[in-house]
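**Student:** This is run.cif, which holds mmCIF, C-alpha atoms and all ligand atoms:
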data_protein
#
loop_
_atom_site.label_atom_id
_atom_site.label_comp_id
_atom_site.auth_asym_id
_atom_site.auth_seq_id
_atom_site.Cartn_x
_atom_site.Cartn_y
_atom_site.Cartn_z
CA MET A 1 79.78 -102.82 -71.90
CA GLU A 2 82.72 -104.23 -70.06
CA THR A 3 85.89 -102.20 -70.35
CA PRO A 4 89.00 -104.28 -70.94
CA ASP A 5 91.49 -104.21 -68.13
CA ILE A 6 94.43 -102.36 -69.62
CA THR A 7 96.56 -102.10 -66.50
CA PRO A 8 99.83 -103.84 -67.34
CA ALA A 9 100.86 -106.78 -65.14
CA TYR A 10 104.20 -105.17 -64.34
CA ARG A 11 105.32 -101.70 -65.23
CA GLY A 12 108.30 -100.32 -63.37
CA ARG A 13 110.28 -97.11 -63.67
CA PHE A 14 113.50 -95.32 -62.86
CA ALA A 15 112.94 -91.69 -61.92
CA PRO A 16 116.22 -89.77 -61.66
CA SER A 17 116.43 -86.10 -60.70
CA PRO A 18 118.78 -84.31 -63.13
CA THR A 19 120.87 -82.70 -60.42
CA GLY A 20 124.13 -84.16 -61.73
CA PRO A 21 125.59 -87.19 -63.51
CA LEU A 22 124.71 -90.74 -62.45
CA HIS A 23 126.87 -92.14 -59.65
CA PHE A 24 127.19 -95.65 -58.23
CA GLY A 25 124.17 -95.16 -55.92
CA SER A 26 121.84 -93.98 -58.66
CA LEU A 27 123.03 -96.79 -60.94
CA VAL A 28 122.05 -99.27 -58.20
CA ALA A 29 118.47 -97.93 -58.32
CA ALA A 30 118.46 -98.01 -62.12
CA VAL A 31 119.81 -101.57 -62.35
CA GLY A 32 117.66 -102.90 -59.47
CA SER A 33 114.46 -101.49 -60.94
CA TYR A 34 115.44 -102.68 -64.43
CA LEU A 35 116.26 -106.26 -63.35
CA ASP A 36 113.14 -106.62 -61.21
CA ALA A 37 110.97 -105.39 -64.11
CA ARG A 38 112.64 -107.50 -66.81
CA HIS A 39 112.75 -110.60 -64.59
CA HIS A 40 108.96 -110.33 -64.32
CA ALA A 41 108.70 -109.77 -68.10
CA GLY A 42 107.63 -106.23 -67.28
CA GLU A 43 108.07 -102.86 -68.89
CA TRP A 44 110.64 -100.41 -67.58
CA LEU A 45 110.11 -96.68 -68.06
CA VAL A 46 112.32 -93.68 -67.39
CA ARG A 47 110.89 -90.51 -65.91
CA MET A 48 113.01 -87.40 -65.57
CA GLU A 49 112.13 -85.65 -62.33
CA ASP A 50 113.11 -82.18 -63.51
CA LEU A 51 110.69 -80.37 -61.26
CA ASP A 52 113.17 -78.39 -59.25
CA PRO A 53 114.94 -75.89 -61.55
CA PRO A 54 117.10 -74.39 -58.77
CA ARG A 55 118.68 -77.82 -58.14
CA GLU A 56 119.06 -78.84 -61.77
CA VAL A 57 122.33 -78.92 -63.64
CA PRO A 58 122.05 -77.89 -67.31
CA GLY A 59 122.62 -80.89 -69.58
CA ALA A 60 122.32 -83.44 -66.75
CA ALA A 61 119.06 -84.96 -68.03
CA ASP A 62 120.56 -85.76 -71.45
CA GLU A 63 123.75 -87.03 -69.86
CA ILE A 64 121.79 -89.39 -67.59
CA LEU A 65 119.94 -90.83 -70.59
CA ARG A 66 123.19 -91.31 -72.54
CA THR A 67 124.73 -93.01 -69.51
CA LEU A 68 121.78 -95.41 -69.17
CA GLU A 69 122.22 -96.38 -72.82
CA HIS A 70 125.98 -96.76 -72.36
CA TYR A 71 125.21 -99.27 -69.57
CA GLY A 72 122.76 -101.21 -71.75
CA LEU A 73 119.75 -100.03 -69.74
CA HIS A 74 117.28 -99.50 -72.58
CA TRP A 75 113.86 -98.22 -71.53
CA ASP A 76 110.39 -98.69 -73.02
CA GLY A 77 108.41 -95.87 -74.58
CA GLU A 78 109.10 -92.16 -74.38
CA VAL A 79 110.92 -90.55 -71.48
CA ARG A 80 108.44 -88.52 -69.43
CA TYR A 81 109.59 -85.11 -68.16
CA GLN A 82 107.97 -83.77 -65.01
CA GLY A 83 108.87 -80.27 -66.18
CA HIS A 84 106.17 -80.64 -68.89
CA ARG A 85 103.39 -81.88 -66.64
CA HIS A 86 102.42 -78.86 -64.56
CA SER A 87 98.75 -78.98 -65.60
CA GLY A 88 98.42 -82.56 -64.30
CA TYR A 89 99.72 -81.50 -60.89
CA GLN A 90 97.44 -78.46 -60.91
CA LEU A 91 94.40 -80.70 -61.55
CA ALA A 92 95.34 -82.94 -58.65
CA LEU A 93 95.73 -79.89 -56.38
CA GLU A 94 92.30 -78.63 -57.47
CA GLN A 95 90.74 -82.00 -56.69
CA LEU A 96 92.35 -82.12 -53.23
CA ASP A 97 91.28 -78.54 -52.57
CA ALA A 98 87.70 -79.14 -53.72
CA ASP A 99 87.53 -82.07 -51.30
CA GLY A 100 88.73 -79.86 -48.44
CA TRP A 101 92.12 -81.51 -47.91
CA LEU A 102 94.35 -78.47 -48.50
CA TYR A 103 95.13 -75.29 -46.62
CA GLY A 104 97.46 -72.37 -47.20
CA CYS A 105 100.49 -72.14 -44.97
CA ALA A 106 102.45 -68.97 -44.22
CA CYS A 107 105.27 -70.58 -42.23
CA THR A 108 108.86 -70.25 -43.35
CA ARG A 109 111.32 -73.13 -42.91
CA ARG A 110 113.05 -71.13 -40.21
CA GLU A 111 109.81 -70.66 -38.23
CA ILE A 112 109.03 -74.36 -38.46
CA ALA A 113 112.58 -75.33 -37.46
CA ASP A 114 112.29 -73.07 -34.40
CA THR A 115 109.15 -74.71 -33.07
CA ALA A 116 108.84 -78.21 -34.56
CA LEU A 117 110.11 -81.57 -33.41
CA PRO A 118 112.23 -83.63 -35.79
CA GLY A 119 110.21 -86.38 -37.50
CA GLN A 120 110.58 -89.03 -40.17
CA GLY A 121 110.49 -86.69 -43.16
CA GLY A 122 112.15 -83.59 -41.73
CA ASN A 123 110.49 -81.51 -39.03
CA ILE A 124 106.96 -82.46 -37.95
CA TYR A 125 104.73 -79.58 -38.99
CA PRO A 126 103.12 -78.28 -35.79
CA GLY A 127 99.86 -77.26 -37.53
CA THR A 128 100.29 -73.50 -37.06
CA CYS A 129 98.14 -72.54 -40.11
CA ARG A 130 95.76 -75.51 -40.06
CA ASN A 131 92.78 -73.46 -38.91
CA GLY A 132 93.56 -70.33 -40.90
CA LEU A 133 96.47 -68.01 -41.58
CA PRO A 134 97.69 -65.95 -38.64
CA GLU A 135 96.72 -62.22 -38.80
CA GLY A 136 98.60 -60.31 -41.47
CA ARG A 137 100.41 -63.33 -42.91
CA LYS A 138 100.34 -64.39 -46.57
CA GLU A 139 99.97 -67.90 -47.95
CA ARG A 140 103.25 -69.38 -49.15
CA ALA A 141 102.78 -73.11 -49.62
CA LEU A 142 99.80 -75.47 -49.69
CA ARG A 143 99.68 -78.35 -47.22
CA VAL A 144 97.55 -81.47 -47.19
CA ARG A 145 95.85 -82.56 -43.99
CA VAL A 146 96.86 -85.93 -42.58
CA GLY A 147 94.57 -86.02 -39.52
CA ASP A 148 94.97 -89.20 -37.55
CA THR A 149 95.92 -91.36 -40.52
CA GLU A 150 98.16 -94.32 -39.97
CA ILE A 151 99.57 -95.96 -43.08
CA CYS A 152 100.72 -99.59 -43.16
CA PHE A 153 102.26 -101.27 -46.16
CA ASP A 154 104.39 -104.29 -46.96
CA ASP A 155 107.65 -103.44 -48.63
CA GLY A 156 109.16 -106.07 -50.91
CA LEU A 157 112.49 -105.96 -49.03
CA GLN A 158 112.04 -103.87 -45.90
CA GLY A 159 109.06 -105.84 -44.55
CA SER A 160 105.92 -104.49 -42.96
CA ARG A 161 106.07 -100.71 -42.37
CA ARG A 162 103.82 -98.47 -40.33
CA GLN A 163 103.80 -94.68 -40.03
CA HIS A 164 101.40 -92.47 -38.15
CA LEU A 165 101.34 -89.43 -40.40
CA GLY A 166 100.06 -87.01 -37.76
CA ARG A 167 102.63 -87.98 -35.14
CA ASP A 168 105.62 -88.77 -37.38
CA VAL A 169 105.31 -86.29 -40.27
CA GLY A 170 102.47 -83.77 -39.88
CA ASP A 171 100.50 -82.04 -42.63
CA PHE A 172 102.93 -81.88 -45.54
CA VAL A 173 103.57 -79.54 -48.46
CA VAL A 174 102.03 -80.41 -51.83
CA ARG A 175 102.62 -77.03 -53.49
CA ARG A 176 105.82 -75.28 -52.59
CA ALA A 177 106.31 -71.59 -51.81
CA ASP A 178 107.84 -71.14 -55.30
CA ASP A 179 104.54 -72.42 -56.77
CA LEU A 180 105.98 -75.73 -57.96
CA ALA A 181 104.32 -79.06 -57.20
CA ALA A 182 106.14 -80.81 -54.36
CA TYR A 183 107.89 -84.12 -55.05
CA GLN A 184 105.33 -86.12 -53.02
CA LEU A 185 102.46 -84.89 -55.17
CA ALA A 186 104.24 -85.08 -58.53
CA VAL A 187 105.47 -88.63 -57.99
CA VAL A 188 101.97 -89.83 -57.09
CA VAL A 189 100.35 -88.12 -60.08
CA ASP A 190 102.98 -89.46 -62.49
CA ASP A 191 103.13 -93.00 -61.13
CA ALA A 192 99.34 -93.14 -61.64
CA ALA A 193 99.37 -91.44 -65.07
CA GLN A 194 102.06 -93.87 -66.26
CA GLN A 195 100.22 -96.84 -64.70
CA ILE A 196 103.25 -97.86 -62.70
CA THR A 197 102.49 -101.11 -60.90
CA HIS A 198 105.85 -101.63 -59.15
CA VAL A 199 108.04 -98.93 -57.61
CA VAL A 200 111.61 -100.13 -57.02
CA ARG A 201 113.87 -97.38 -55.64
CA GLY A 202 116.33 -96.54 -52.87
CA ALA A 203 115.46 -97.03 -49.21
CA ASP A 204 116.11 -93.32 -48.62
CA LEU A 205 112.54 -92.89 -49.92
CA LEU A 206 111.00 -95.45 -47.58
CA ASP A 207 109.77 -92.74 -45.19
CA SER A 208 108.13 -90.86 -48.08
CA THR A 209 106.04 -93.83 -49.14
CA PRO A 210 103.28 -93.42 -46.51
CA ARG A 211 102.78 -89.80 -47.63
CA GLN A 212 102.46 -91.03 -51.19
CA ILE A 213 99.99 -93.75 -50.20
CA HIS A 214 97.98 -91.11 -48.30
CA LEU A 215 97.77 -88.93 -51.44
CA GLN A 216 96.83 -91.93 -53.59
CA GLY A 217 93.96 -92.61 -51.19
CA LEU A 218 92.73 -88.99 -51.28
CA LEU A 219 92.96 -88.84 -55.08
CA GLY A 220 91.35 -92.26 -55.62
CA LEU A 221 94.48 -93.67 -57.29
CA ALA A 222 95.82 -97.21 -57.15
CA THR A 223 98.77 -97.91 -54.85
CA PRO A 224 101.65 -99.69 -56.59
CA THR A 225 103.76 -102.41 -54.99
CA TYR A 226 106.85 -100.95 -53.27
CA LEU A 227 110.33 -102.41 -52.98
CA HIS A 228 113.09 -100.28 -51.46
CA LEU A 229 116.65 -101.27 -52.33
CA PRO A 230 119.60 -100.71 -49.98
CA VAL A 231 121.16 -97.29 -50.38
CA ALA A 232 124.89 -97.07 -51.18
CA ILE A 233 126.72 -95.23 -48.41
CA ASN A 234 130.27 -93.97 -47.86
CA SER A 235 132.53 -94.72 -44.87
CA ALA A 236 130.86 -91.91 -42.89
CA GLY A 237 127.48 -93.62 -43.39
CA GLU A 238 126.29 -90.92 -45.80
CA LYS A 239 124.26 -91.62 -48.93
CA LEU A 240 126.23 -91.18 -52.14
CA GLY A 241 125.12 -88.09 -53.98
CA LYS A 242 125.98 -84.63 -55.04
CA GLN A 243 126.53 -83.43 -51.46
CA THR A 244 128.97 -86.25 -50.78
CA HIS A 245 130.72 -85.65 -54.13
CA ALA A 246 130.11 -89.19 -55.41
CA CYS A 247 132.12 -89.94 -58.55
CA SER A 248 130.34 -89.86 -61.91
CA ILE A 249 130.13 -93.27 -63.60
CA ALA A 250 129.31 -91.67 -66.96
CA GLY A 251 132.50 -92.29 -68.92
CA THR A 252 133.67 -95.58 -67.41
CA ASP A 253 133.81 -99.08 -68.90
CA PRO A 254 130.26 -100.32 -68.16
CA VAL A 255 130.79 -104.06 -67.55
CA PRO A 256 133.12 -103.83 -64.50
CA VAL A 257 130.83 -101.21 -62.94
CA LEU A 258 127.76 -103.38 -63.59
CA LEU A 259 129.54 -106.31 -61.95
CA ASP A 260 130.15 -104.12 -58.89
CA VAL A 261 126.47 -103.13 -58.87
CA LEU A 262 125.44 -106.80 -59.05
CA ARG A 263 127.81 -107.60 -56.17
CA PHE A 264 126.32 -104.71 -54.19
CA LEU A 265 122.86 -106.17 -54.90
CA LYS A 266 124.12 -109.59 -53.66
CA GLN A 267 123.48 -111.24 -57.00
CA GLU A 268 125.11 -114.31 -58.46
CA LEU A 269 127.77 -113.38 -61.01
CA PRO A 270 128.36 -115.07 -64.36
CA ASP A 271 131.68 -116.77 -65.13
CA THR A 272 132.98 -114.20 -67.50
CA ASP A 273 136.49 -113.96 -68.78
CA GLY A 274 135.72 -110.38 -69.70
CA GLY A 275 134.26 -108.90 -72.79
CA PRO A 276 130.48 -109.38 -72.74
CA ALA A 277 128.41 -106.39 -73.89
CA PRO A 278 126.55 -104.72 -71.00
CA GLU A 279 123.31 -105.94 -72.57
CA ASP A 280 124.50 -109.59 -72.36
CA LEU A 281 125.45 -109.16 -68.72
CA LEU A 282 122.06 -107.57 -67.94
CA ASP A 283 120.26 -110.41 -69.75
CA TRP A 284 122.13 -112.94 -67.65
CA ALA A 285 121.43 -110.96 -64.47
CA THR A 286 117.75 -110.66 -65.42
CA ARG A 287 117.40 -114.42 -65.68
CA HIS A 288 119.19 -114.94 -62.33
CA TRP A 289 117.64 -111.98 -60.45
CA ASP A 290 116.87 -112.89 -56.86
CA ASN A 291 116.29 -110.08 -54.39
CA THR A 292 115.88 -112.23 -51.28
CA PRO A 293 119.52 -111.78 -50.09
CA LEU A 294 118.76 -108.04 -49.81
CA CYS A 295 115.88 -108.46 -47.36
CA GLY A 296 116.13 -106.02 -44.49
CA HIS A 297 119.18 -104.18 -45.87
CA GLY A 298 118.50 -100.44 -45.73
CA THR A 299 122.07 -99.44 -46.55
CA ARG A 300 125.24 -101.11 -47.88
CA PRO A 301 128.73 -99.68 -48.27
CA ALA A 302 129.69 -98.66 -51.78
CA PRO A 303 133.04 -99.89 -53.11
CA ALA A 304 135.77 -97.33 -52.36
CA GLU A 305 136.51 -96.49 -56.00
CA TYR A 306 133.09 -94.84 -56.40
CA LEU A 307 133.58 -92.48 -53.48
CA ALA A 308 135.09 -89.03 -53.60
CA ASP A 309 138.72 -88.78 -52.48
N1 LIG B 401 113.72 -88.47 -58.25
C1 LIG B 401 113.98 -89.18 -57.03
C2 LIG B 401 115.47 -89.26 -56.78
O1 LIG B 401 116.26 -89.09 -57.71
C3 LIG B 401 113.43 -90.59 -57.05
C4 LIG B 401 111.97 -90.59 -56.95
C5 LIG B 401 111.31 -91.96 -56.87
O2 LIG B 401 111.90 -92.96 -57.31
O3 LIG B 401 110.20 -91.99 -56.41
O4 LIG B 401 115.87 -89.49 -55.66
#
Would you mind writing the file's structure down as structure tokens?
**Tutor:**
Amino acid sequence: METPDITPAYRGRFAPSPTGPLHFGSLVAAVGSYLDARHHAGEWLVRMEDLDPPREVPGAADEILRTLEHYGLHWDGEVRYQGHRHSGYQLALEQLDADGWLYGCACTRREIADTALPGQGGNIYPGTCRNGLPEGRKERALRVRVGDTEICFDDGLQGSRRQHLGRDVGDFVVRRADDLAAYQLAVVVDDAAQQITHVVRGADLLDSTPRQIHLQGLLGLATPTYLHLPVAINSAGEKLGKQTHACSIAGTDPVPVLLDVLRFLKQELPDTDGGPAPEDLLDWATRHWDNTPLCGHGTRPAPAEYLAD
């Protein structure tokens, strides 16, 4: 019997980490992924990436959801919480292990920093534990082998990308020393479980994408289409975020902020004499969405009012 093809034509997502309130930069990723999905008559899901308790701020997940609603960014279906999905990550780790792709690693960050060369996703792991743990050392993390794999993919905005995982990244962690699934593994398992067809997110994650495509290949999962939006930066060229004390956009009047986001995304703006609901503005922007002016932009300056003093 033929099984019906149930993969949706377009299912996108916004996947915030609840490490603090939304700021201009995270709103850019939310709005960009929302508009691209809705413009293609697609679904748009929200996934809370609450997989890193030490970095989480209590109450931030709920506040992010309230802020999305305040901005008229209404999602489809239930919010998925990574914090509830440990067994799914465990199954993926077991599959990788059974296929011989994993090994235990005893190295501390410090040891790696002392010997490794800087690469595209942090230090390039020098392979110290690849053929077994050194005498007397205990396993801390689990790493996946990358061998001689080169990954090529076409990004919707950043063009054709190529990364040699062995030379540029090295074998990377899939289960951390604190026993939690690493971001690279969790994102791949969840994008597949949620049948995400289009990943639209900030270009700060461009260098992670080849690692994710590598894991999809090893786990026999489909690779979504990727589109990496320009990242909002401050005058020092730093990404807006908690470390750079970006201002929260939680309590502000949504329409002027959305207009700034649309300007940042180089979108046409409606003639408005003020007063539309955020939903009306997003509907207009959905109909007029055109991402071609953003081609090749990895970063763009954020307007000054969203930066810390
Ligand atoms: N949770 C990640 C972040 O907030 C985004 C992950 C993704 O979109 O793949 O930076």
**Student:** Using only C-alpha atoms, which protein or nucleic acid residues come within 12 Å of A:Leu215? Drop anything in the same chain fewer than 6 positions from it, and give the result as a PyMOL selection string.
**Tutor:** chain A and resi 92-93+95-96+101-102+143-146+149+151+165+171-174+183-189+191-192+208-209+221-223
**Student:** Using all atoms listed in the file and a cutoff of 8 Å, can you tell me which residues are near (106.9, -97.2, -58.9) in the file's coordinates, and write them out as a PDB file with C-alpha atoms, in the coordinates of the input?
**Tutor:**
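The resulting file, part.pdb, is reproduced below:
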ATOM      1  CA  ARG A  11     105.320-101.700 -65.230  1.00  0.00           C
ATOM      2  CA  GLY A  12     108.300-100.320 -63.370  1.00  0.00           C
ATOM      3  CA  ARG A  13     110.280 -97.110 -63.670  1.00  0.00           C
ATOM      4  CA  PHE A  14     113.500 -95.320 -62.860  1.00  0.00           C
ATOM      5  CA  ASP A 191     103.130 -93.000 -61.130  1.00  0.00           C
ATOM      6  CA  ILE A 196     103.250 -97.860 -62.700  1.00  0.00           C
ATOM      7  CA  THR A 197     102.490-101.110 -60.900  1.00  0.00           C
ATOM      8  CA  HIS A 198     105.850-101.630 -59.150  1.00  0.00           C
ATOM      9  CA  VAL A 199     108.040 -98.930 -57.610  1.00  0.00           C
ATOM     10  CA  VAL A 200     111.610-100.130 -57.020  1.00  0.00           C
ATOM     11  CA  ARG A 201     113.870 -97.380 -55.640  1.00  0.00           C
ATOM     12  CA  PRO A 224     101.650 -99.690 -56.590  1.00  0.00           C
ATOM     13  CA  THR A 225     103.760-102.410 -54.990  1.00  0.00           C
ATOM     14  CA  TYR A 226     106.850-100.950 -53.270  1.00  0.00           C
TER      15      TYR A 226
END
**Student:** How far is it from atom CA of A:Gly72 to atom CA of A:Val261, in Å with one decimal?
**Tutor:**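 Going from atom CA of A:Gly72 over to atom CA of A:Val261, I get 13.5 Å.
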**Student:** Grab all the atoms of ligand LIG 401 (chain B) that the file lists, wrap them in a box along x, y and z, add 3 Å per side, and give me centre plus edge lengths in Å (one decimal) as JSON.
**Tutor:**
{"center_x": 113.2, "center_y": -90.7, "center_z": -57.0, "size_x": 12.1, "size_y": 10.5, "size_z": 8.6}
**Student:** Which residue out of A:Ala60, A:Ile233, A:Ala15, A:Leu22 has the minimum interatomic distance to ligand LIG 401 (chain B) when all atoms listed in the file are used?
**Tutor:**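 So, comparing all the options, the nearest one is A:Ala15.
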**Student:** Can you work out which one of A:Ala106, A:Leu281, A:Leu205, A:Val169 has the shortest atom-to-atom distance to ligand LIG 401 (chain B), counting all atoms listed in the file?
**Tutor:**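 Checking each of A:Ala106, A:Leu281, A:Leu205, A:Val169 against ligand LIG 401 (chain B), counting all atoms listed in the file, the winner is A:Leu205.
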**Student:** Would you compute the distance between atom CA of A:Thr244 and atom CA of A:His70? Give it in Å to one decimal.
**Tutor:**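 For atom CA of A:Thr244 relative to atom CA of A:His70, the distance reads 24.2 Å.
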**Student:** Which polymer residues have any atom within 9 Å of an atom of A:Pro278, counting all atoms listed in the file, with same-chain residues fewer than 5 positions away left out, as a PyMOL selection string?
**Tutor:** chain A and resi 70-73+254-255+258+283
